[in-house]
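Heads up: the structure comes next, in C-alpha cells.
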Amino acid sequence: MNAQTAAGAKPERKVPPTSVRGAAMRGVAARPGHEAIETKGWLRAHKWLLLRRVSQLGILALFLVGPWFGWWIVKGNLSSSLTLGVLPLTDPFLVSQQLAAGQWPYREALIGGGIVLAFYLLVGGRLFCSWVCPVNLVTDAAAWLRRRLGLKGGKAPAGNTRHWLLGFVLVIAAVTGSLAWEWVNPVSMLHRGLIFGFGLAWGIVGGIFFYDLLIAPRGWCGHLCPQGAFYALLGRASLVKVSAAKRSACNDCMDCFAVCPEPQVIRPALKGVGQDHPLILDADCTTCGRCVDVCGKDVFRITTRFNRSES
Amino acid sequence: MTMNDKVKPTARAAASAPSPRRRFLKDAAGVAGGAGLLALGAGMYAKQASALPATAIRPPGALAEDDFLAACVRCGLCVRDCPYDTLKLAKLGDGVATGTPYFEARAIPCEMCEDIPCVVACPSGALDRGLTDIGKAKMGLAVLIDQENCLNFLGLRCDVCYRVCPVIDKAITLERMHNPRSDRHAMLLPTVHSEHCTGCGKCEKSCVLPGESAIKVLPIKLAQGSKAEHYLRGWEEKDAAGESLIGDQVELPVRGLEDKAYGDTRVAPGEGPQVPDYKPAQLPGGGLDSGWKP
Ligand code: SF4
Ligand code: SF4
Ligand code: SF4
Ligand code: SF4
Ligand code: SF4
C-alpha cells in the first residue's frame, strides 16, 4: 500500500498514505496522526493530549467538588480563588484590567496575581491556554470536528487581532472605568458558568464553537482571544519549549501542521526558516504537545529553551 | 495588469505594489479597526446594561456601583463564604453585570452576620474592609412602598416587618396615627429611618402579603430624594443654636379650641365651634355611623 502511493519518494522519506500530504496525493480525507498510532501505539500517540485533558478536567474538578459535594479544596473560580483557605490565586489579566480601570486591589489579589504571573513567566505563558483554560476543550472539539468533516476554507481574522484587542480591552477598562471586557469574556464566563451557573452564557460558548467550526478555523484561540494574547506575552522568555530535535527524520507528512492550533510557529524550527536551532521559541506555541503526539517519526519533544541539541 | 507584470516583472512590481511598509500599515489599520470595534461593542454593552434592576442589592460594604464594577473580579468568593446562601453571582441575562454578586431580599435576605464573612473573603477590594460593624452597612434602604395593601395602613396590627428587623426601633418604628376611616382607632405605621436601616431586607422577606411585599429594599439612590439644601429645618437650627433663631412667637388663640395645646387642631365630634341648628345627617338604616365626614 505504501509502495503505490509514495512511489517516487525516496525510500526513507515515504509519505504515509493517511497523512495530510499522503491523503492529498490520493485525493481522500486525511487522518492526521494515524501513522503515529500505527508506529507508536494509540496511547503514546495521545500521551500529551491525555495528560492535557487530565490537567484541564482535574483543575475544573477541584473547583467543582466544593459546590457538588461540599469538599472545599478550592473556592472561587479562575478569576480569583482561594485554595485550602490559604493560597490565593488571581488571574493577572483581571488584575491588569482592574488597575487600568483605576482600582487598587487588596493584598490577596495582588499576591495571588503575582504567584500566577511568576508561574507563567517562568514555566510557559500559553500553558494556560492548553493546560488550564476550559475554552480550549471547546475550540479543540471544533477543530477536531472540522478535520473529521473535512471542512475547508473559512476566513479567520489576522492573527495579531488579539494583540490589538488586548490593548483595547485595557483602554476600554480605563475609559469606562469598569471591567467592560468581563461582561462578555468567554474565558472567565465559561469557567464561572460551569461552577456558578450559566444563564445565557451557553450562547457565547456555542457561538465560539460554531465560529471556529464554520467560519474561522482556530478563529477564537488563534486569532481573537485577548486573554491568550496576554499569556503569550508572559511566555516570551519562559522555560518549557517544544523542540523539533529530530527534524532530520521529518518525512513531510504535514500532520503536525494539521493538528497544531498555531501552525505558523512550527516552520522556523522544523525547516530552519530564519533560525538554525530546532526550538519553537514563538510565544504563540501553547506547548500543548500535540505535534509530539501525532508525529510518527518522533521529531518533536518537550524540553527547555536551553536545549538546542539535535539528534 | 497581470500581463504587464509578466512582461516586466521586477520593474512593474516595484512600481505598482504598495511598499511593504504601507501594506503593513494598511493591514494593521484594518486589524486594529476590527479589534477596536469589538472592544467598543463590549464597552458600550457594559455601559448601557450597567443599570442595576431595583430589586438587585449588592453585598454589605460594596463600593459605590461605578467603583464596584471596576473592582469586582467576579470570583464568587463572597458568595461561597455567605453562610445563608444569600448572595449569588449574576448570570448572563440576569440584568446585573455578568458575574457580579447580588441578592434579592424577597428571596433570601442578608442575615447581617456579625463577622461579615463576605467582606472578609473579598480579595479585590470591591467589598470595603473598612466596614467592620454590620450595623453600619448600607446595602440599600427599605421603603414601605405600597400603602394601599400594607395591613397596618389598613388599620390592622400586622407589625411583622417591624418585629423581624434586626435593628428594631431604630431602623424601623411604628408611628401612631389617628385612623380617619374608623375615627376611633389608631394606625401604627411602619416607618423606616435611613440613618439606621442597613438594607438587609429581612422586612421585605417577611412581609405577610402573599406575592409582592408592601415594604421593599431599594438601592439607596432609588429610595432617597436629594436633600433640599436651601430649606433650613427650623427645628434642627433651633436644636443646633439652643434657641429659636427668630425669637419667641406670639401664640394666637384659635377660636373654639382655646382649651387645647397650641398647635393641636384635632377636633372630636361635638367639640370645636358649633353651628346651632346643625344635625348630623342620618344614613338610611345606619346605626353605626360615627358622623365623621371627610
Ligand atoms: S507547535 Fe506543537 S506544542 Fe506548540 S502549539 Fe503547535 S502542536 Fe502545540
Ligand atoms: S452579612 Fe452574612 S448574610 Fe449578609 S451577605 Fe454577608 S455573609 Fe451573607
Ligand atoms: S469576593 Fe469581591 S471580587 Fe469576588 S465576586 Fe465577591 S465582590 Fe466580587
Ligand atoms: S432592611 Fe428592613 S429589616 Fe433590614 S434594617 Fe432596614 S428596616 Fe430593618
Ligand atoms: S409585614 Fe407587610 S403588611 Fe405587615 S405591616 Fe409590614 S409591610 Fe405592612
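Letters A, B, ... mark the chains of the C-alpha cells in the order given; residue numbers begin at 1 per chain; ligand numbers begin at 1, in order shown.
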
Original post:
Mind listing the residues within 7 Å of ligand 1, only C-alpha atoms and all ligand atoms counted, as JSON, numbers by chain?
Top reply: {"A": [242, 256, 259, 260, 261, 262, 263, 265, 266, 280, 285, 286, 287, 288, 289, 290, 291, 292]}

Original post:
Once you count only C-alpha atoms, which residues of chain A turn out to be within 7 Å of chain B? Could you give them as a PyMOL selection string?
Top reply: chain A and resi 75-77+79-81+94+98+101+103+105-106+108-109+158+161+164-165+168-169+172+177-181+183-184+196-201

Please identify all protein, DNA and RNA residues within 8 Å of ligand 5, counting only C-alpha atoms and all ligand atoms, and report them as a compact mmCIF listing (two decimals) with all heavy atoms, in the first residue's frame.
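The result, written out as result_0.txt:
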# COMPACT_ATOMS: atom_id res chain seq x y z
N LEU B 144 -41.57 51.56 52.64
CA LEU B 144 -42.91 50.98 52.64
C LEU B 144 -43.61 51.52 51.40
O LEU B 144 -44.10 52.64 51.38
CB LEU B 144 -43.67 51.32 53.91
CG LEU B 144 -44.72 50.25 54.19
CD1 LEU B 144 -45.04 50.14 55.64
CD2 LEU B 144 -45.96 50.40 53.35
N ASP B 146 -46.06 50.21 49.28
CA ASP B 146 -47.47 50.06 48.92
C ASP B 146 -48.37 50.30 50.14
O ASP B 146 -48.67 49.39 50.90
CB ASP B 146 -47.72 48.66 48.35
CG ASP B 146 -49.15 48.54 47.83
OD1 ASP B 146 -49.92 49.52 48.00
OD2 ASP B 146 -49.50 47.48 47.29
N GLN B 147 -48.78 51.55 50.31
CA GLN B 147 -49.59 51.91 51.47
C GLN B 147 -51.05 51.49 51.29
O GLN B 147 -51.84 51.58 52.21
CB GLN B 147 -49.50 53.42 51.70
CG GLN B 147 -48.07 53.88 51.79
CD GLN B 147 -47.93 55.31 52.24
OE1 GLN B 147 -48.89 56.06 52.27
NE2 GLN B 147 -46.70 55.69 52.57
N ASN B 149 -51.94 48.40 50.37
CA ASN B 149 -52.13 47.00 50.73
C ASN B 149 -51.49 46.62 52.05
O ASN B 149 -51.78 45.55 52.59
CB ASN B 149 -51.60 46.10 49.62
CG ASN B 149 -52.55 46.06 48.44
OD1 ASN B 149 -53.72 45.75 48.59
ND2 ASN B 149 -52.05 46.42 47.26
N CYS B 150 -50.58 47.44 52.55
CA CYS B 150 -49.97 47.14 53.84
C CYS B 150 -51.07 47.03 54.89
O CYS B 150 -51.92 47.90 55.02
CB CYS B 150 -48.99 48.24 54.22
SG CYS B 150 -48.49 48.15 55.94
N LEU B 151 -51.07 45.93 55.65
CA LEU B 151 -52.15 45.69 56.60
C LEU B 151 -52.19 46.76 57.68
O LEU B 151 -53.26 47.16 58.14
CB LEU B 151 -52.01 44.30 57.21
CG LEU B 151 -52.07 43.15 56.19
CD1 LEU B 151 -51.90 41.81 56.87
CD2 LEU B 151 -53.38 43.20 55.41
N ASN B 152 -51.03 47.21 58.13
CA ASN B 152 -51.02 48.25 59.16
C ASN B 152 -51.63 49.56 58.65
O ASN B 152 -52.27 50.30 59.39
CB ASN B 152 -49.61 48.49 59.66
CG ASN B 152 -49.24 47.52 60.78
OD1 ASN B 152 -49.78 46.41 60.82
ND2 ASN B 152 -48.36 47.93 61.67
N PHE B 153 -51.43 49.85 57.40
CA PHE B 153 -52.04 51.05 56.83
C PHE B 153 -53.55 50.89 56.70
O PHE B 153 -54.28 51.86 56.62
CB PHE B 153 -51.43 51.36 55.45
CG PHE B 153 -50.29 52.34 55.53
CD1 PHE B 153 -49.02 51.90 55.86
CD2 PHE B 153 -50.49 53.69 55.29
CE1 PHE B 153 -47.96 52.80 55.95
CE2 PHE B 153 -49.44 54.58 55.37
CZ PHE B 153 -48.16 54.14 55.70
N ARG B 157 -53.25 45.22 62.91
CA ARG B 157 -51.97 45.14 63.60
C ARG B 157 -51.20 43.95 63.06
O ARG B 157 -51.29 42.85 63.58
CB ARG B 157 -52.19 44.98 65.11
CG ARG B 157 -52.68 46.23 65.80
CD ARG B 157 -51.69 47.39 65.67
NE ARG B 157 -50.36 47.09 66.20
CZ ARG B 157 -50.03 47.22 67.49
NH1 ARG B 157 -50.89 47.61 68.36
NH2 ARG B 157 -48.81 46.95 67.88
N CYS B 158 -50.46 44.14 62.01
CA CYS B 158 -49.62 43.09 61.44
C CYS B 158 -48.24 43.18 62.07
O CYS B 158 -47.77 42.25 62.73
CB CYS B 158 -49.57 43.24 59.93
SG CYS B 158 -48.22 42.37 59.15
N ASP B 159 -47.57 44.30 61.85
CA ASP B 159 -46.29 44.63 62.51
C ASP B 159 -45.14 43.68 62.18
O ASP B 159 -44.08 43.79 62.79
CB ASP B 159 -46.42 44.60 64.05
CG ASP B 159 -47.43 45.58 64.59
OD1 ASP B 159 -48.07 46.27 63.77
OD2 ASP B 159 -47.59 45.64 65.82
N VAL B 160 -45.36 42.71 61.28
CA VAL B 160 -44.34 41.68 61.10
C VAL B 160 -43.00 42.28 60.65
O VAL B 160 -41.94 41.94 61.18
CB VAL B 160 -44.82 40.61 60.10
CG1 VAL B 160 -43.68 39.69 59.70
CG2 VAL B 160 -45.94 39.81 60.74
N CYS B 161 -43.06 43.19 59.69
CA CYS B 161 -41.81 43.78 59.19
C CYS B 161 -41.05 44.47 60.32
O CYS B 161 -39.83 44.43 60.39
CB CYS B 161 -42.09 44.76 58.06
SG CYS B 161 -43.29 46.01 58.49
N TYR B 162 -41.81 45.09 61.20
CA TYR B 162 -41.20 45.79 62.34
C TYR B 162 -40.55 44.80 63.30
O TYR B 162 -39.43 44.99 63.75
CB TYR B 162 -42.28 46.63 63.00
CG TYR B 162 -42.00 47.07 64.41
CD1 TYR B 162 -41.14 48.13 64.66
CD2 TYR B 162 -42.62 46.43 65.49
CE1 TYR B 162 -40.89 48.54 65.96
CE2 TYR B 162 -42.38 46.84 66.78
CZ TYR B 162 -41.51 47.89 67.02
OH TYR B 162 -41.27 48.28 68.30
N LEU B 189 -48.07 52.92 61.89
CA LEU B 189 -47.48 52.87 60.55
C LEU B 189 -46.00 52.52 60.63
O LEU B 189 -45.22 53.24 61.25
CB LEU B 189 -47.66 54.21 59.86
CG LEU B 189 -49.11 54.69 59.80
CD1 LEU B 189 -49.20 56.01 59.03
CD2 LEU B 189 -50.02 53.64 59.17
N PRO B 190 -45.60 51.39 59.97
CA PRO B 190 -44.17 51.04 59.93
C PRO B 190 -43.42 52.14 59.19
O PRO B 190 -43.80 52.51 58.08
CB PRO B 190 -44.13 49.74 59.13
CG PRO B 190 -45.54 49.23 59.11
CD PRO B 190 -46.42 50.43 59.22
N CYS B 203 -37.18 42.69 56.43
CA CYS B 203 -38.56 43.16 56.44
C CYS B 203 -39.26 42.77 55.13
O CYS B 203 -40.37 42.24 55.13
CB CYS B 203 -38.61 44.67 56.64
SG CYS B 203 -37.54 45.58 55.51
N GLU B 204 -38.57 42.98 54.01
CA GLU B 204 -39.16 42.65 52.72
C GLU B 204 -39.43 41.16 52.63
O GLU B 204 -40.48 40.71 52.16
CB GLU B 204 -38.24 43.09 51.57
CG GLU B 204 -38.78 42.66 50.22
CD GLU B 204 -37.98 43.18 49.05
OE1 GLU B 204 -37.18 44.11 49.23
OE2 GLU B 204 -38.17 42.65 47.94
N SER B 206 -40.10 39.16 55.03
CA SER B 206 -41.11 38.65 55.96
C SER B 206 -42.50 39.24 55.75
O SER B 206 -43.45 38.78 56.40
CB SER B 206 -40.69 38.94 57.40
OG SER B 206 -39.32 38.73 57.56
N CYS B 207 -42.64 40.25 54.93
CA CYS B 207 -43.95 40.86 54.75
C CYS B 207 -44.99 39.78 54.43
O CYS B 207 -44.76 38.92 53.60
CB CYS B 207 -43.91 41.91 53.64
SG CYS B 207 -45.55 42.56 53.25
N VAL B 208 -46.12 39.85 55.14
CA VAL B 208 -47.08 38.75 55.09
C VAL B 208 -47.90 38.72 53.81
O VAL B 208 -48.64 37.76 53.58
CB VAL B 208 -48.04 38.82 56.29
CG1 VAL B 208 -47.27 38.70 57.58
CG2 VAL B 208 -48.83 40.13 56.25
N LEU B 209 -47.83 39.77 53.01
CA LEU B 209 -48.64 39.77 51.78
C LEU B 209 -48.22 38.60 50.90
O LEU B 209 -47.07 38.21 50.87
CB LEU B 209 -48.48 41.10 51.05
CG LEU B 209 -48.97 42.32 51.84
CD1 LEU B 209 -48.88 43.57 50.99
CD2 LEU B 209 -50.39 42.12 52.33
N SER B 213 -44.07 42.11 48.25
CA SER B 213 -44.06 42.70 49.59
C SER B 213 -44.51 44.16 49.52
O SER B 213 -44.30 44.83 48.50
CB SER B 213 -42.63 42.62 50.12
OG SER B 213 -42.52 43.36 51.30
N ALA B 214 -45.15 44.63 50.61
CA ALA B 214 -45.53 46.05 50.65
C ALA B 214 -44.34 46.91 51.01
O ALA B 214 -44.28 48.09 50.69
CB ALA B 214 -46.66 46.27 51.64
N ILE B 215 -43.35 46.31 51.71
CA ILE B 215 -42.14 47.04 52.07
C ILE B 215 -40.99 46.43 51.27
O ILE B 215 -40.87 45.22 51.17
CB ILE B 215 -41.89 46.99 53.60
CG1 ILE B 215 -40.75 47.93 53.99
CG2 ILE B 215 -41.62 45.58 54.08
CD1 ILE B 215 -40.69 48.20 55.49

Original post:
Can you list every residue in segment 187-281 of chain B that DSSP puts in alpha helix (DSSP H), as a list of chain:residue names?
Top reply: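 Taking segment 187-281 of chain B and keeping alpha helix (DSSP H) only, one gets B:Lys202, B:Cys203, B:Glu204, B:Lys205, B:Ser206, B:Ile220, B:Lys221, B:Leu222, B:Ala223, B:Gly234, B:Trp235, B:Glu236, B:Glu237, B:Lys238, B:Asp239, B:Ala240, B:Ala241.
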
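Based on only C-alpha atoms and all ligand atoms, the protein and nucleic acid residues found within 8 Å of ligand 2 are, by chain and then by number, Pro59, Pro60, Cys78, Val79, Asp81, Cys82, Pro83, Tyr84, Asp85, Thr86, Leu87, Phe103, Pro109, Cys110, Glu111, Met112, Cys113, Glu114, Asp115, Ile116, Pro117, Cys118, Val119, Ile134 and Cys200 of chain B.
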
**OP:** Point out the residue among B:Gly61, B:Thr55, B:Glu229, B:Gln249 with the least atom-to-atom distance to ligand 3, counting only C-alpha atoms and all ligand atoms.
**Re:** B:Gly61

Surrounding residues as a compact mmCIF listing (two decimals) with N, CA and C atoms, in the first residue's frame, ligand 4, max 10 Å, only C-alpha atoms and all ligand atoms:
# COMPACT_ATOMS: atom_id res chain seq x y z
N ALA B 105 -33.85 40.47 48.16
CA ALA B 105 -34.28 40.37 49.55
C ALA B 105 -35.52 39.49 49.70
N PRO B 109 -32.87 37.22 52.27
CA PRO B 109 -32.28 38.48 52.72
C PRO B 109 -30.91 38.25 53.36
N CYS B 110 -30.23 39.33 53.66
CA CYS B 110 -28.94 39.26 54.36
C CYS B 110 -29.21 39.13 55.85
N GLU B 111 -28.53 38.19 56.50
CA GLU B 111 -28.78 37.95 57.93
C GLU B 111 -27.91 38.82 58.81
N MET B 112 -27.16 39.71 58.22
CA MET B 112 -26.30 40.63 58.98
C MET B 112 -25.36 39.91 59.94
N GLY B 135 -23.87 46.73 61.48
CA GLY B 135 -24.94 47.71 61.71
C GLY B 135 -24.74 48.99 60.92
N LYS B 136 -23.51 49.20 60.43
CA LYS B 136 -23.24 50.40 59.65
C LYS B 136 -23.39 50.13 58.14
N ALA B 137 -23.75 48.90 57.79
CA ALA B 137 -23.87 48.58 56.36
C ALA B 137 -24.97 49.41 55.73
N LYS B 138 -24.78 49.70 54.46
CA LYS B 138 -25.79 50.46 53.70
C LYS B 138 -26.01 49.75 52.37
N MET B 139 -26.59 48.55 52.44
CA MET B 139 -26.80 47.79 51.21
C MET B 139 -27.90 48.41 50.37
N GLY B 140 -28.86 48.97 51.05
CA GLY B 140 -30.00 49.61 50.38
C GLY B 140 -30.81 50.30 51.45
N LEU B 141 -32.03 50.65 51.13
CA LEU B 141 -32.89 51.31 52.11
C LEU B 141 -34.31 50.77 51.94
N ALA B 142 -34.90 50.34 53.07
CA ALA B 142 -36.26 49.81 53.00
C ALA B 142 -37.25 50.97 52.82
N VAL B 143 -38.26 50.75 52.00
CA VAL B 143 -39.29 51.75 51.76
C VAL B 143 -40.64 51.05 51.83
N LEU B 144 -41.57 51.56 52.64
CA LEU B 144 -42.91 50.98 52.64
C LEU B 144 -43.61 51.52 51.40
N VAL B 160 -45.36 42.71 61.28
CA VAL B 160 -44.34 41.68 61.10
C VAL B 160 -43.00 42.28 60.65
N CYS B 161 -43.06 43.19 59.69
CA CYS B 161 -41.81 43.78 59.19
C CYS B 161 -41.05 44.47 60.32
N TYR B 162 -41.81 45.09 61.20
CA TYR B 162 -41.20 45.79 62.34
C TYR B 162 -40.55 44.80 63.30
N ARG B 163 -41.27 43.69 63.57
CA ARG B 163 -40.77 42.73 64.56
C ARG B 163 -39.50 42.02 64.10
N VAL B 164 -39.38 41.76 62.79
CA VAL B 164 -38.23 40.98 62.33
C VAL B 164 -36.98 41.84 62.15
N CYS B 165 -37.12 43.11 62.16
CA CYS B 165 -35.96 43.97 61.84
C CYS B 165 -34.85 43.79 62.88
N PRO B 166 -33.65 43.45 62.42
CA PRO B 166 -32.54 43.27 63.36
C PRO B 166 -32.18 44.58 64.06
N VAL B 167 -32.61 45.69 63.52
CA VAL B 167 -32.30 46.99 64.11
C VAL B 167 -33.61 47.62 64.58
N ILE B 168 -34.48 46.77 65.14
CA ILE B 168 -35.83 47.18 65.53
C ILE B 168 -35.80 48.43 66.41
N ASP B 169 -36.78 49.28 66.22
CA ASP B 169 -36.97 50.53 66.97
C ASP B 169 -35.96 51.62 66.60
N LYS B 170 -34.98 51.29 65.82
CA LYS B 170 -34.11 52.34 65.30
C LYS B 170 -34.31 52.45 63.80
N ALA B 171 -34.10 51.31 63.08
CA ALA B 171 -34.25 51.35 61.63
C ALA B 171 -35.72 51.44 61.25
N ILE B 172 -36.56 50.80 62.03
CA ILE B 172 -37.99 50.84 61.71
C ILE B 172 -38.77 51.02 63.00
N THR B 173 -39.73 51.94 62.98
CA THR B 173 -40.56 52.20 64.16
C THR B 173 -42.02 52.14 63.73
N PRO B 190 -45.60 51.39 59.97
CA PRO B 190 -44.17 51.04 59.93
C PRO B 190 -43.42 52.14 59.19
N THR B 191 -42.41 52.68 59.86
CA THR B 191 -41.70 53.83 59.28
C THR B 191 -40.19 53.58 59.36
N VAL B 192 -39.53 53.64 58.21
CA VAL B 192 -38.10 53.31 58.14
C VAL B 192 -37.27 54.58 58.30
N HIS B 193 -36.17 54.47 59.03
CA HIS B 193 -35.29 55.62 59.23
C HIS B 193 -33.94 55.34 58.57
N SER B 194 -33.61 56.14 57.58
CA SER B 194 -32.45 55.86 56.73
C SER B 194 -31.15 55.82 57.53
N GLU B 195 -31.12 56.55 58.62
CA GLU B 195 -29.87 56.62 59.39
C GLU B 195 -29.47 55.24 59.91
N HIS B 196 -30.45 54.41 60.23
CA HIS B 196 -30.12 53.13 60.86
C HIS B 196 -30.41 51.92 59.98
N CYS B 197 -31.21 52.05 58.95
CA CYS B 197 -31.56 50.89 58.12
C CYS B 197 -30.33 50.43 57.36
N THR B 198 -30.02 49.12 57.44
CA THR B 198 -28.85 48.58 56.74
C THR B 198 -29.20 48.07 55.35
N GLY B 199 -30.48 47.96 55.07
CA GLY B 199 -30.88 47.40 53.78
C GLY B 199 -30.80 45.89 53.73
N CYS B 200 -30.86 45.25 54.90
CA CYS B 200 -30.68 43.79 54.94
C CYS B 200 -31.83 43.06 54.24
N GLY B 201 -33.01 43.66 54.25
CA GLY B 201 -34.12 43.06 53.53
C GLY B 201 -34.93 42.06 54.32
N LYS B 202 -34.65 41.92 55.64
CA LYS B 202 -35.44 40.99 56.45
C LYS B 202 -36.93 41.38 56.42
N CYS B 203 -37.18 42.69 56.43
CA CYS B 203 -38.56 43.16 56.44
C CYS B 203 -39.26 42.77 55.13
N GLU B 204 -38.57 42.98 54.01
CA GLU B 204 -39.16 42.65 52.72
C GLU B 204 -39.43 41.16 52.63
N LYS B 205 -38.47 40.37 53.11
CA LYS B 205 -38.62 38.92 53.08
C LYS B 205 -39.86 38.48 53.88
N SER B 206 -40.10 39.16 55.03
CA SER B 206 -41.11 38.65 55.96
C SER B 206 -42.50 39.24 55.75
N ILE B 215 -43.35 46.31 51.71
CA ILE B 215 -42.14 47.04 52.07
C ILE B 215 -40.99 46.43 51.27
N LYS B 216 -40.20 47.28 50.63
CA LYS B 216 -39.16 46.76 49.74
C LYS B 216 -37.85 47.48 50.00
N VAL B 217 -36.75 46.72 49.88
CA VAL B 217 -35.44 47.36 49.96
C VAL B 217 -35.04 47.79 48.55
N LEU B 218 -34.69 49.05 48.43
CA LEU B 218 -34.26 49.58 47.13
C LEU B 218 -32.83 50.08 47.26

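Using only C-alpha atoms and all ligand atoms, the nearest neighbour of ligand 3 within the list A:Leu78, A:Pro67, A:Ala23, A:Ile73 is A:Leu78.
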
Please list as a JSON list (two decimals) with all heavy atoms, in the first residue's frame every residue within 8 Å of Pro157 of chain A, counting only C-alpha atoms and excluding residues in the same chain fewer than 6 positions away.
[["chain", "number", "residue", "atom", "x", "y", "z"],
["A", 216, "ALA", "N", -14.22, 30.49, 11.00],
["A", 216, "ALA", "CA", -12.78, 30.76, 11.05],
["A", 216, "ALA", "C", -12.06, 29.60, 11.72],
["A", 216, "ALA", "O", -12.23, 29.38, 12.90],
["A", 216, "ALA", "CB", -12.53, 32.04, 11.83],
["A", 219, "GLY", "N", -10.27, 30.13, 14.96],
["A", 219, "GLY", "CA", -10.50, 31.58, 14.97],
["A", 219, "GLY", "C", -10.39, 32.19, 16.34],
["A", 219, "GLY", "O", -9.73, 33.21, 16.51],
["A", 223, "HIS", "N", -6.71, 33.64, 16.98],
["A", 223, "HIS", "CA", -6.71, 34.95, 16.34],
["A", 223, "HIS", "C", -7.33, 36.06, 17.17],
["A", 223, "HIS", "O", -6.98, 37.22, 17.02],
["A", 223, "HIS", "CB", -7.45, 34.88, 15.00],
["A", 223, "HIS", "CG", -6.82, 33.92, 14.04],
["A", 223, "HIS", "ND1", -7.07, 32.56, 14.08],
["A", 223, "HIS", "CD2", -5.94, 34.11, 13.04],
["A", 223, "HIS", "CE1", -6.36, 31.96, 13.14],
["A", 223, "HIS", "NE2", -5.67, 32.87, 12.49],
["A", 224, "LEU", "N", -8.30, 35.71, 18.02],
["A", 224, "LEU", "CA", -9.04, 36.77, 18.69],
["A", 224, "LEU", "C", -8.78, 36.90, 20.20],
["A", 224, "LEU", "O", -8.71, 38.01, 20.72],
["A", 224, "LEU", "CB", -10.56, 36.55, 18.49],
["A", 224, "LEU", "CG", -11.07, 36.81, 17.06],
["A", 224, "LEU", "CD1", -12.56, 36.54, 17.00],
["A", 224, "LEU", "CD2", -10.79, 38.25, 16.66],
["B", 31, "VAL", "N", -6.91, 45.58, 10.98],
["B", 31, "VAL", "CA", -6.96, 44.68, 12.13],
["B", 31, "VAL", "C", -7.31, 45.47, 13.39],
["B", 31, "VAL", "O", -8.19, 45.11, 14.17],
["B", 31, "VAL", "CB", -5.61, 43.97, 12.30],
["B", 31, "VAL", "CG1", -5.56, 43.26, 13.63],
["B", 31, "VAL", "CG2", -5.39, 43.00, 11.16]]

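With only C-alpha atoms and all ligand atoms as the atoms that count, the residue of B:Ala64, B:Ile57, B:Val120, B:Ala51 with the shortest distance to ligand 3 is B:Val120.
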
Show me, as an mmCIF file with C-alpha atoms, in the first residue's frame, the residues that have an atom within 8 Å of Val123 of chain A when counting only C-alpha atoms, minus same-chain residues fewer than 4 positions from it.
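File produced: selection.cif:
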data_model
loop_
_atom_site.group_PDB
_atom_site.id
_atom_site.type_symbol
_atom_site.label_atom_id
_atom_site.label_comp_id
_atom_site.auth_asym_id
_atom_site.auth_seq_id
_atom_site.Cartn_x
_atom_site.Cartn_y
_atom_site.Cartn_z
ATOM 1 C CA PHE A 119 4.459 30.769 37.279
ATOM 2 C CA LEU A 127 0.479 26.723 29.039
ATOM 3 C CA GLY A 235 5.657 33.345 27.794
ATOM 4 C CA SER A 238 9.691 31.065 29.705
ATOM 5 C CA LEU A 239 11.453 27.802 30.277
ATOM 6 C CA VAL A 240 9.428 24.960 28.765
#
